[in-house]
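Everything on this sheet refers to the single structure shown next.
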Amino acid sequence: MTELLARQQSPATARVMVVWCPDWPVIAAMVEEGLPAQLPIAVVAHNQVFACSQAARTEGVRRGMRRRDAAASCPDLVLVDHNPDRDLRVFEDILSVVEEVSPGVAPIRPGLCALGVPSRYYGGEPQAAAVIAERLVSSGVWDCRIGIADGIFAAEQAARRAAPQDSCIIEPGGSAGFLSGLSIGVLEDAEMVSLLKRLGLRSLGDFAGLAPRDVLTRFGRDGAWHHRLARGLDNRSAAGRTPPPELDAYVDFSPPLEVMEPIVFSVRQTAERFVAELARLGLVSTTVRIEIVGDGSWNGSRRWAHPRWFGASDLVDRVHWQLQADPPPEPVTGVRLVPESVESMADQGEGLWGSAPDERIDRGVARLQSMLGHEAVLSPSLQGGRNPKDRQVGTPWGERADRLRRRRLPWPGSIPPPAPTRVFAEPRKAMVLGAEGQPVGVTPRGMVTTEPALFKTQESAELLRIEAWAGPWPIDELWWDPAHARQVARFQVVGIDGSAWLLVVEDNQWWAEAQYA
Amino acid sequence: MFDYGGVTVSSAPPRIKELQERVQRMQGTATSRPLETVPAFAGLIQLKTGATYGVDNPSLAMALMAGPSRAGAWSAVVGAADFGLEAAAELGVDLERTIVVPDPGEQWLSVVAGLIDVATVVVVKPPARVTEHQAARITSRLRQRDAVLIAWGEWPRSDARLTVQSSSWQGLGRGHGHLVGRQATVVVRRGAAPPREALMWLPGADQQITLVDSPLADVRAVRVS
């Protein structure tokens, strides 16, 4: 019994392995940007070098250097902005590689993770470390170092002292001895380190030699915590993480399919499973990426947003539309559904009496879309703009209208209400003449050259007398961009037949933009 | 045994009548129910489901759409790429409940039929001549689905035809001002019945459709009293 207790409390059961990938921000940038490893690379944050590659380090680039100094010391240095999200994203792949060897991996920060040592399975600690190092190297991370010790802190310090792709193992109970030889600078709290240095404590051993009670009274709880680390009494264990649920759904066709209908038909079941799996987790997906995988190298991917959330039949429709819009040039071996954004069902749920357009409308419109194509059926909305055509916008039914210009902003040059009832998609040619039949233009100072008296649009065969008119209302659009700059002037014109038009003149050419019919 | 006593269809409360109509519709015996109509049109026309109305002018199409749309019905616009959505919204069409198919192509008639299934008001600008046969098929669909069709253009055997006979725009001078509103004489022709007409603001300065209080009407009122 006592033997059993002793074994349970013995440090051997709490051995921790720490995997460290040095210069992680650089590795992550290399992976995502596709940069070759031998290039000198520096990751820059706040105008200072945050991390750099080995090649850059041999050229004299150091962490904390100013951007300009780094570029001066190594002219062909590749500078990449630091992106913590990217570090995390790429590190996720490393975590899943390590998880294949042993479950319960706890990420500490990007580039550093801890896990329990699977020594019994692999026949010893060095062997387990070797297996993990091998996996990581084969997945493309050639510089990984592993430390094994009694606590996370000691294991991390051991990993920092290991050679690339190798491990440094501190024997059970040897953590305190190992740590005592290290510089005080390895503690992470810079303020505390500076204070301890000024007190003449140069190594962790010196710090560990102080009485715990004195440290607590002098440095408070934080100090006591660092003191425990220095004494090798770090009793944190690698707690592990719950791997994120796998939400992607993939349907595999063997043999590959060439015709659209069977593909769409075969996707149905997977789509239902996809939606059911999300629903089981209390989630709904509002944006989905659909990847259609070809037999050879072709791969078609498209992102779809839903105004509410995707049901199984919505997904099947989207697959159908995507195949229609972008027909695969080769047989299709599979379709993957990736939820790009998921939201809690509670946030998206329908009101008890239904708050969304009812199913009947959606189904009817989906039928039309399968007949005409997805972009042919529009859901209209209004936005801000200067000319009537820009003020209205049609979004394909089933997509969210985003990036609308705000209507509340002042839009100089827009015409006061009422709005025209006919808005031409393309302006139609028109003609405006003075009383003697001379053409009417606008001077650079915004005056008409002569009073408009006659006009003609494509709707009428002959010239009509103008009963009333107003203008010119000049608009300088995008004057800062010479390629798109337009200098146009608008007129409202009413003919003697009672028809009212919105005309524009640009470079002495008249156009009808809209009609007040 | 099932003696309803004095309860007849005419004296039944409106709720029962509505339910009876619903049952009739489900049984396939088409009925027609009145739809909300913009107040200015009260003396001219009352929209009824199962009917087709011809208009010659987008403002009239919007005005007819606005009544049911305001009351919560869905509407659709087919084949009118130049339909001014902002003007429609100003006149009271709820764009949130509007489906637009600007370019239905060759299959426009089946698109109209498909939209009749889902929307209560369907506005169509026929890109080609409509035969009597096609019109009859659409009409039977309208009756079944309890919807109304507004044709911006020619439509054979429409129940009523609305036209703007004359219009005069206000607010524009010679070189100054801007369009504010217009007074239009709207004429409704319904089969062989004498045409009805009314002078209305289409739209007025407040972007609403209202009757013009014409001096003629005042005279008539005096005469009656």
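A note on labels: chains of the structure tokens are A, B, ... as shown, every chain counts residues from 1, and ligands are counted from 1 in their shown order.
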
- [ ] Report as a PyMOL selection string the set of chain B residues whose atoms approach chain A to within 9 Å, with distances computed over only C-alpha atoms.
- [x] chain B and resi 57-59+62+74+81-90+95-105+107+110-111+114-115+117-119+166-169+172-181+203-207

Next, dump the selected residues to file, keeping only N, CA and C atoms, as a short mmCIF file (atom, residue, chain, number, x, y, z; two decimals), in the first residue's frame.
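Result file follows (again-v1.cif):
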data_model
loop_
_atom_site.label_atom_id
_atom_site.label_comp_id
_atom_site.auth_asym_id
_atom_site.auth_seq_id
_atom_site.Cartn_x
_atom_site.Cartn_y
_atom_site.Cartn_z
N ASN B 57 -47.62 52.36 -67.77
CA ASN B 57 -46.72 53.29 -67.12
C ASN B 57 -46.18 52.65 -65.84
N PRO B 58 -44.87 52.72 -65.62
CA PRO B 58 -44.33 52.06 -64.42
C PRO B 58 -44.87 52.64 -63.11
N SER B 59 -45.18 53.95 -63.10
CA SER B 59 -45.70 54.54 -61.86
C SER B 59 -47.00 53.86 -61.45
N MET B 62 -46.27 50.49 -60.00
CA MET B 62 -45.78 50.62 -58.62
C MET B 62 -46.93 50.95 -57.67
N TRP B 74 -46.06 39.46 -50.77
CA TRP B 74 -44.83 39.41 -51.56
C TRP B 74 -45.14 39.86 -52.98
N ALA B 81 -35.96 45.47 -66.74
CA ALA B 81 -34.61 45.80 -66.28
C ALA B 81 -34.51 47.27 -65.90
N ASP B 82 -35.46 48.10 -66.40
CA ASP B 82 -35.39 49.53 -66.13
C ASP B 82 -36.36 49.95 -65.03
N PHE B 83 -36.81 49.01 -64.22
CA PHE B 83 -37.74 49.30 -63.13
C PHE B 83 -37.01 50.10 -62.05
N GLY B 84 -37.52 51.30 -61.76
CA GLY B 84 -36.84 52.15 -60.78
C GLY B 84 -37.18 51.71 -59.36
N LEU B 85 -36.23 51.02 -58.74
CA LEU B 85 -36.53 50.44 -57.42
C LEU B 85 -36.69 51.51 -56.35
N GLU B 86 -35.91 52.59 -56.49
CA GLU B 86 -36.00 53.63 -55.47
C GLU B 86 -37.37 54.30 -55.53
N ALA B 87 -37.87 54.53 -56.75
CA ALA B 87 -39.19 55.12 -56.89
C ALA B 87 -40.25 54.18 -56.32
N ALA B 88 -40.08 52.88 -56.57
CA ALA B 88 -41.04 51.91 -56.05
C ALA B 88 -41.07 51.97 -54.53
N ALA B 89 -39.88 52.06 -53.92
CA ALA B 89 -39.81 52.12 -52.46
C ALA B 89 -40.47 53.39 -51.95
N GLU B 90 -40.27 54.51 -52.68
CA GLU B 90 -40.89 55.77 -52.26
C GLU B 90 -42.41 55.67 -52.30
N LEU B 95 -39.31 46.63 -50.48
CA LEU B 95 -38.32 45.90 -51.27
C LEU B 95 -37.85 44.63 -50.58
N GLU B 96 -38.02 44.59 -49.26
CA GLU B 96 -37.63 43.38 -48.52
C GLU B 96 -38.45 42.17 -48.98
N ARG B 97 -39.66 42.47 -49.42
CA ARG B 97 -40.54 41.38 -49.86
C ARG B 97 -40.77 41.46 -51.37
N THR B 98 -39.71 41.74 -52.09
CA THR B 98 -39.82 41.83 -53.54
C THR B 98 -38.76 40.93 -54.18
N ILE B 99 -39.17 40.24 -55.22
CA ILE B 99 -38.26 39.38 -55.98
C ILE B 99 -38.14 40.01 -57.36
N VAL B 100 -36.91 40.16 -57.84
CA VAL B 100 -36.71 40.80 -59.13
C VAL B 100 -36.01 39.83 -60.08
N VAL B 101 -36.59 39.64 -61.24
CA VAL B 101 -35.93 38.86 -62.30
C VAL B 101 -35.82 39.79 -63.50
N PRO B 102 -34.71 40.54 -63.61
CA PRO B 102 -34.65 41.57 -64.65
C PRO B 102 -34.61 40.99 -66.06
N ASP B 103 -33.96 39.85 -66.21
CA ASP B 103 -33.76 39.35 -67.56
C ASP B 103 -34.11 37.86 -67.62
N PRO B 104 -35.39 37.54 -67.77
CA PRO B 104 -35.78 36.13 -67.73
C PRO B 104 -35.50 35.37 -69.03
N GLY B 105 -35.16 36.11 -70.10
CA GLY B 105 -34.81 35.45 -71.36
C GLY B 105 -36.02 34.81 -72.01
N GLN B 107 -37.53 32.07 -71.45
CA GLN B 107 -38.48 31.34 -70.61
C GLN B 107 -39.33 32.26 -69.75
N SER B 110 -42.64 31.00 -68.21
CA SER B 110 -42.58 30.03 -67.12
C SER B 110 -42.06 30.68 -65.85
N VAL B 111 -41.22 31.72 -66.00
CA VAL B 111 -40.77 32.45 -64.81
C VAL B 111 -41.97 33.14 -64.15
N GLY B 114 -43.91 30.61 -62.38
CA GLY B 114 -43.23 30.20 -61.15
C GLY B 114 -43.38 31.23 -60.06
N LEU B 115 -43.36 32.52 -60.44
CA LEU B 115 -43.47 33.57 -59.43
C LEU B 115 -44.90 33.71 -58.92
N ASP B 117 -46.65 31.35 -58.18
CA ASP B 117 -46.74 30.38 -57.08
C ASP B 117 -46.36 30.98 -55.74
N VAL B 118 -45.43 31.93 -55.74
CA VAL B 118 -44.90 32.40 -54.46
C VAL B 118 -45.32 33.82 -54.11
N ALA B 119 -45.55 34.66 -55.09
CA ALA B 119 -45.84 36.07 -54.80
C ALA B 119 -47.31 36.36 -55.05
N SER B 166 -52.88 62.17 -69.35
CA SER B 166 -52.06 63.37 -69.50
C SER B 166 -51.35 63.58 -68.18
N SER B 167 -50.17 64.16 -68.27
CA SER B 167 -49.47 64.44 -67.02
C SER B 167 -48.78 65.78 -67.12
N SER B 168 -48.78 66.49 -66.00
CA SER B 168 -48.06 67.76 -66.01
C SER B 168 -47.17 67.80 -64.78
N TRP B 169 -45.88 68.01 -65.03
CA TRP B 169 -44.90 68.00 -63.95
C TRP B 169 -44.82 69.35 -63.30
N LEU B 172 -40.54 72.45 -62.11
CA LEU B 172 -39.45 72.71 -63.04
C LEU B 172 -39.79 73.97 -63.84
N GLY B 173 -38.82 74.90 -63.89
CA GLY B 173 -39.03 76.11 -64.70
C GLY B 173 -38.17 76.04 -65.95
N ARG B 174 -37.83 77.21 -66.48
CA ARG B 174 -36.92 77.20 -67.63
C ARG B 174 -35.53 77.53 -67.11
N GLY B 175 -34.82 76.48 -66.75
CA GLY B 175 -33.46 76.67 -66.27
C GLY B 175 -33.35 76.72 -64.76
N HIS B 176 -34.42 76.52 -64.03
CA HIS B 176 -34.33 76.53 -62.57
C HIS B 176 -35.32 75.53 -61.98
N GLY B 177 -35.19 75.29 -60.68
CA GLY B 177 -36.09 74.37 -59.97
C GLY B 177 -35.70 72.91 -60.19
N HIS B 178 -36.51 72.01 -59.67
CA HIS B 178 -36.33 70.59 -59.96
C HIS B 178 -37.69 69.92 -59.86
N LEU B 179 -37.81 68.75 -60.45
CA LEU B 179 -39.09 68.05 -60.46
C LEU B 179 -39.53 67.77 -59.03
N VAL B 180 -40.79 68.10 -58.74
CA VAL B 180 -41.30 67.91 -57.38
C VAL B 180 -42.41 66.87 -57.38
N GLY B 181 -43.31 66.99 -58.34
CA GLY B 181 -44.42 66.04 -58.40
C GLY B 181 -45.14 66.23 -59.70
N PRO B 203 -46.21 61.10 -58.49
CA PRO B 203 -46.45 61.26 -57.06
C PRO B 203 -46.57 62.73 -56.71
N GLY B 204 -46.98 62.99 -55.46
CA GLY B 204 -47.04 64.36 -54.97
C GLY B 204 -45.70 64.77 -54.39
N ALA B 205 -45.66 65.96 -53.81
CA ALA B 205 -44.41 66.48 -53.24
C ALA B 205 -43.94 65.62 -52.07
N ASP B 206 -44.88 64.89 -51.44
CA ASP B 206 -44.51 64.02 -50.32
C ASP B 206 -44.26 62.58 -50.80
N GLN B 207 -44.10 62.41 -52.13
CA GLN B 207 -43.87 61.11 -52.75
C GLN B 207 -44.99 60.11 -52.49
#

Open item on the list: List the spatial neighbours of region 63-73 of chain B as a PyMOL selection string - criterion: any atom at most 10 Å away, only C-alpha atoms, same-chain residues fewer than 6 positions off excluded.
Closed with: chain B and resi 34-41+45-47+53+55+88-98+118-123+147-150+202-203+208-209

Taking 6 positions as the minimum chain separation for residues in the same chain, which residues sit within 6 Å of region 164-168 of chain A when counting only C-alpha atoms? Answer as an mmCIF file with all heavy atoms, in the first residue's frame.
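Produced file part24.cif, reproduced below:
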data_model
loop_
_atom_site.group_PDB
_atom_site.id
_atom_site.type_symbol
_atom_site.label_atom_id
_atom_site.label_comp_id
_atom_site.auth_asym_id
_atom_site.auth_seq_id
_atom_site.Cartn_x
_atom_site.Cartn_y
_atom_site.Cartn_z
ATOM 1 N N ALA A 133 10.057 13.783 -32.784
ATOM 2 C CA ALA A 133 10.936 14.614 -33.610
ATOM 3 C C ALA A 133 10.872 14.145 -35.058
ATOM 4 O O ALA A 133 10.791 14.959 -35.988
ATOM 5 C CB ALA A 133 12.364 14.539 -33.084
ATOM 6 N N ASP A 143 13.494 22.093 -37.590
ATOM 7 C CA ASP A 143 14.122 22.510 -36.330
ATOM 8 C C ASP A 143 13.117 22.372 -35.196
ATOM 9 O O ASP A 143 12.291 23.248 -34.974
ATOM 10 C CB ASP A 143 14.606 23.957 -36.447
ATOM 11 C CG ASP A 143 15.489 24.351 -35.263
ATOM 12 O OD1 ASP A 143 15.646 23.503 -34.357
ATOM 13 O OD2 ASP A 143 16.003 25.483 -35.253
ATOM 14 N N CYS A 144 13.161 21.230 -34.508
ATOM 15 C CA CYS A 144 12.311 21.088 -33.335
ATOM 16 C C CYS A 144 13.165 20.488 -32.231
ATOM 17 O O CYS A 144 14.025 19.656 -32.483
ATOM 18 C CB CYS A 144 11.109 20.209 -33.652
ATOM 19 S SG CYS A 144 11.569 18.592 -34.238
ATOM 20 N N ARG A 145 12.967 20.955 -31.042
ATOM 21 C CA ARG A 145 13.803 20.496 -29.927
ATOM 22 C C ARG A 145 12.889 20.051 -28.815
ATOM 23 O O ARG A 145 11.848 20.664 -28.576
ATOM 24 C CB ARG A 145 14.720 21.632 -29.469
ATOM 25 C CG ARG A 145 15.536 22.166 -30.641
ATOM 26 C CD ARG A 145 16.177 23.479 -30.315
ATOM 27 N NE ARG A 145 16.700 24.078 -31.559
ATOM 28 C CZ ARG A 145 17.880 24.682 -31.637
ATOM 29 N NH1 ARG A 145 18.650 24.794 -30.582
ATOM 30 N NH2 ARG A 145 18.279 25.197 -32.781
ATOM 31 N N ILE A 146 13.315 19.006 -28.134
ATOM 32 C CA ILE A 146 12.430 18.414 -27.142
ATOM 33 C C ILE A 146 13.148 18.350 -25.799
ATOM 34 O O ILE A 146 14.321 17.974 -25.736
ATOM 35 C CB ILE A 146 11.996 17.007 -27.607
ATOM 36 C CG1 ILE A 146 11.122 17.160 -28.855
ATOM 37 C CG2 ILE A 146 11.248 16.270 -26.506
ATOM 38 C CD1 ILE A 146 10.850 15.889 -29.572
ATOM 39 N N GLY A 147 12.437 18.760 -24.768
ATOM 40 C CA GLY A 147 12.992 18.650 -23.429
ATOM 41 C C GLY A 147 12.062 17.811 -22.572
ATOM 42 O O GLY A 147 10.835 17.922 -22.687
ATOM 43 N N ALA A 158 15.018 22.694 -20.656
ATOM 44 C CA ALA A 158 15.796 21.594 -21.239
ATOM 45 C C ALA A 158 15.682 21.642 -22.754
ATOM 46 O O ALA A 158 16.681 21.472 -23.467
ATOM 47 C CB ALA A 158 15.281 20.265 -20.700
#

TODO: Just the strand (DSSP E or B) stuff from chain B, please, per backbone DSSP, written as an MDAnalysis selection string.
DONE: chainID B and resid 34 48 52:55 75:78 83 98:101 121:124 148:152 160:172 174 177:189 196:201 210:211

Could those residues be written to a file, using C-alpha atoms, as a tab-separated table (two decimals), in the first residue's frame?
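Contents of out.tsv, as written:
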chain	number	residue	atom	x	y	z
B	34	PRO	CA	-60.01	41.78	-52.76
B	48	LYS	CA	-58.87	41.29	-56.90
B	52	THR	CA	-54.89	40.68	-64.75
B	53	TYR	CA	-54.42	44.42	-65.04
B	54	GLY	CA	-52.71	46.22	-67.87
B	55	VAL	CA	-50.84	49.47	-67.29
B	75	SER	CA	-44.38	40.93	-54.98
B	76	ALA	CA	-42.23	40.16	-57.99
B	77	VAL	CA	-41.03	42.11	-61.02
B	78	VAL	CA	-40.19	40.20	-64.19
B	83	PHE	CA	-37.74	49.30	-63.13
B	98	THR	CA	-39.82	41.83	-53.54
B	99	ILE	CA	-38.26	39.38	-55.98
B	100	VAL	CA	-36.71	40.80	-59.13
B	101	VAL	CA	-35.93	38.86	-62.30
B	121	VAL	CA	-48.49	40.54	-57.03
B	122	VAL	CA	-46.46	39.85	-60.15
B	123	VAL	CA	-45.49	42.74	-62.40
B	124	VAL	CA	-44.36	41.71	-65.86
B	148	VAL	CA	-52.71	39.13	-59.32
B	149	LEU	CA	-50.80	40.00	-62.48
B	150	ILE	CA	-49.94	43.52	-63.56
B	151	ALA	CA	-48.75	43.72	-67.13
B	152	TRP	CA	-46.68	46.75	-68.04
B	160	ALA	CA	-58.90	46.43	-66.54
B	161	ARG	CA	-56.50	48.72	-68.28
B	162	LEU	CA	-55.03	51.75	-66.55
B	163	THR	CA	-53.43	54.51	-68.53
B	164	VAL	CA	-52.02	57.93	-67.80
B	165	GLN	CA	-53.87	60.16	-70.20
B	166	SER	CA	-52.06	63.37	-69.50
B	167	SER	CA	-49.47	64.44	-67.02
B	168	SER	CA	-48.06	67.76	-66.01
B	169	TRP	CA	-44.90	68.00	-63.95
B	170	GLN	CA	-44.54	70.58	-61.23
B	171	GLY	CA	-41.50	72.32	-59.87
B	172	LEU	CA	-39.45	72.71	-63.04
B	174	ARG	CA	-36.92	77.20	-67.63
B	177	GLY	CA	-36.09	74.37	-59.97
B	178	HIS	CA	-36.33	70.59	-59.96
B	179	LEU	CA	-39.09	68.05	-60.46
B	180	VAL	CA	-41.30	67.91	-57.38
B	181	GLY	CA	-44.42	66.04	-58.40
B	182	ARG	CA	-46.87	65.60	-61.18
B	183	GLN	CA	-50.59	65.72	-61.70
B	184	ALA	CA	-51.75	62.89	-63.88
B	185	THR	CA	-55.14	61.98	-65.25
B	186	VAL	CA	-55.49	58.25	-64.76
B	187	VAL	CA	-58.10	56.50	-66.90
B	188	VAL	CA	-59.40	53.02	-66.13
B	189	ARG	CA	-61.10	51.08	-68.91
B	196	ARG	CA	-63.49	56.18	-65.19
B	197	GLU	CA	-60.91	58.81	-64.65
B	198	ALA	CA	-59.35	60.71	-61.80
B	199	LEU	CA	-56.82	63.48	-61.43
B	200	MET	CA	-54.17	62.48	-58.94
B	201	TRP	CA	-50.72	63.35	-57.72
B	210	THR	CA	-53.19	61.27	-53.50
B	211	LEU	CA	-56.19	62.63	-55.34

Open item on the list: So that I can see what lies close to region 314-325 of chain A, please list as a PyMOL selection string the residues with an atom at most 8 Å from it, counting only C-alpha atoms and leaving out residues fewer than 2 positions away in the same chain.
Closed with: chain A and resi 260+264+267-268+271+290+302+304+310-312+327-328+366+370+373-374

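Nearest residue to Gly173 (chain A), choosing from A:Asp150, A:Glu330, A:Glu59, A:Glu100 and counting only C-alpha atoms: A:Asp150.
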
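The spacing separating CA of Gly220 (chain A) from CA of Gly200 (chain A) amounts to 19.0 Å.
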
TODO: Per DSSP on the backbone, filter region 292-466 of chain A down to the residues in alpha helix (DSSP H) and report them as an NGL selection string.
DONE: :A and (312-325 or 345-348 or 359-372 or 388-391)

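Atom pair CA of Leu503 (chain A) / CA of Arg490 (chain A) has a distance of 5.7 Å (rounded to one decimal).
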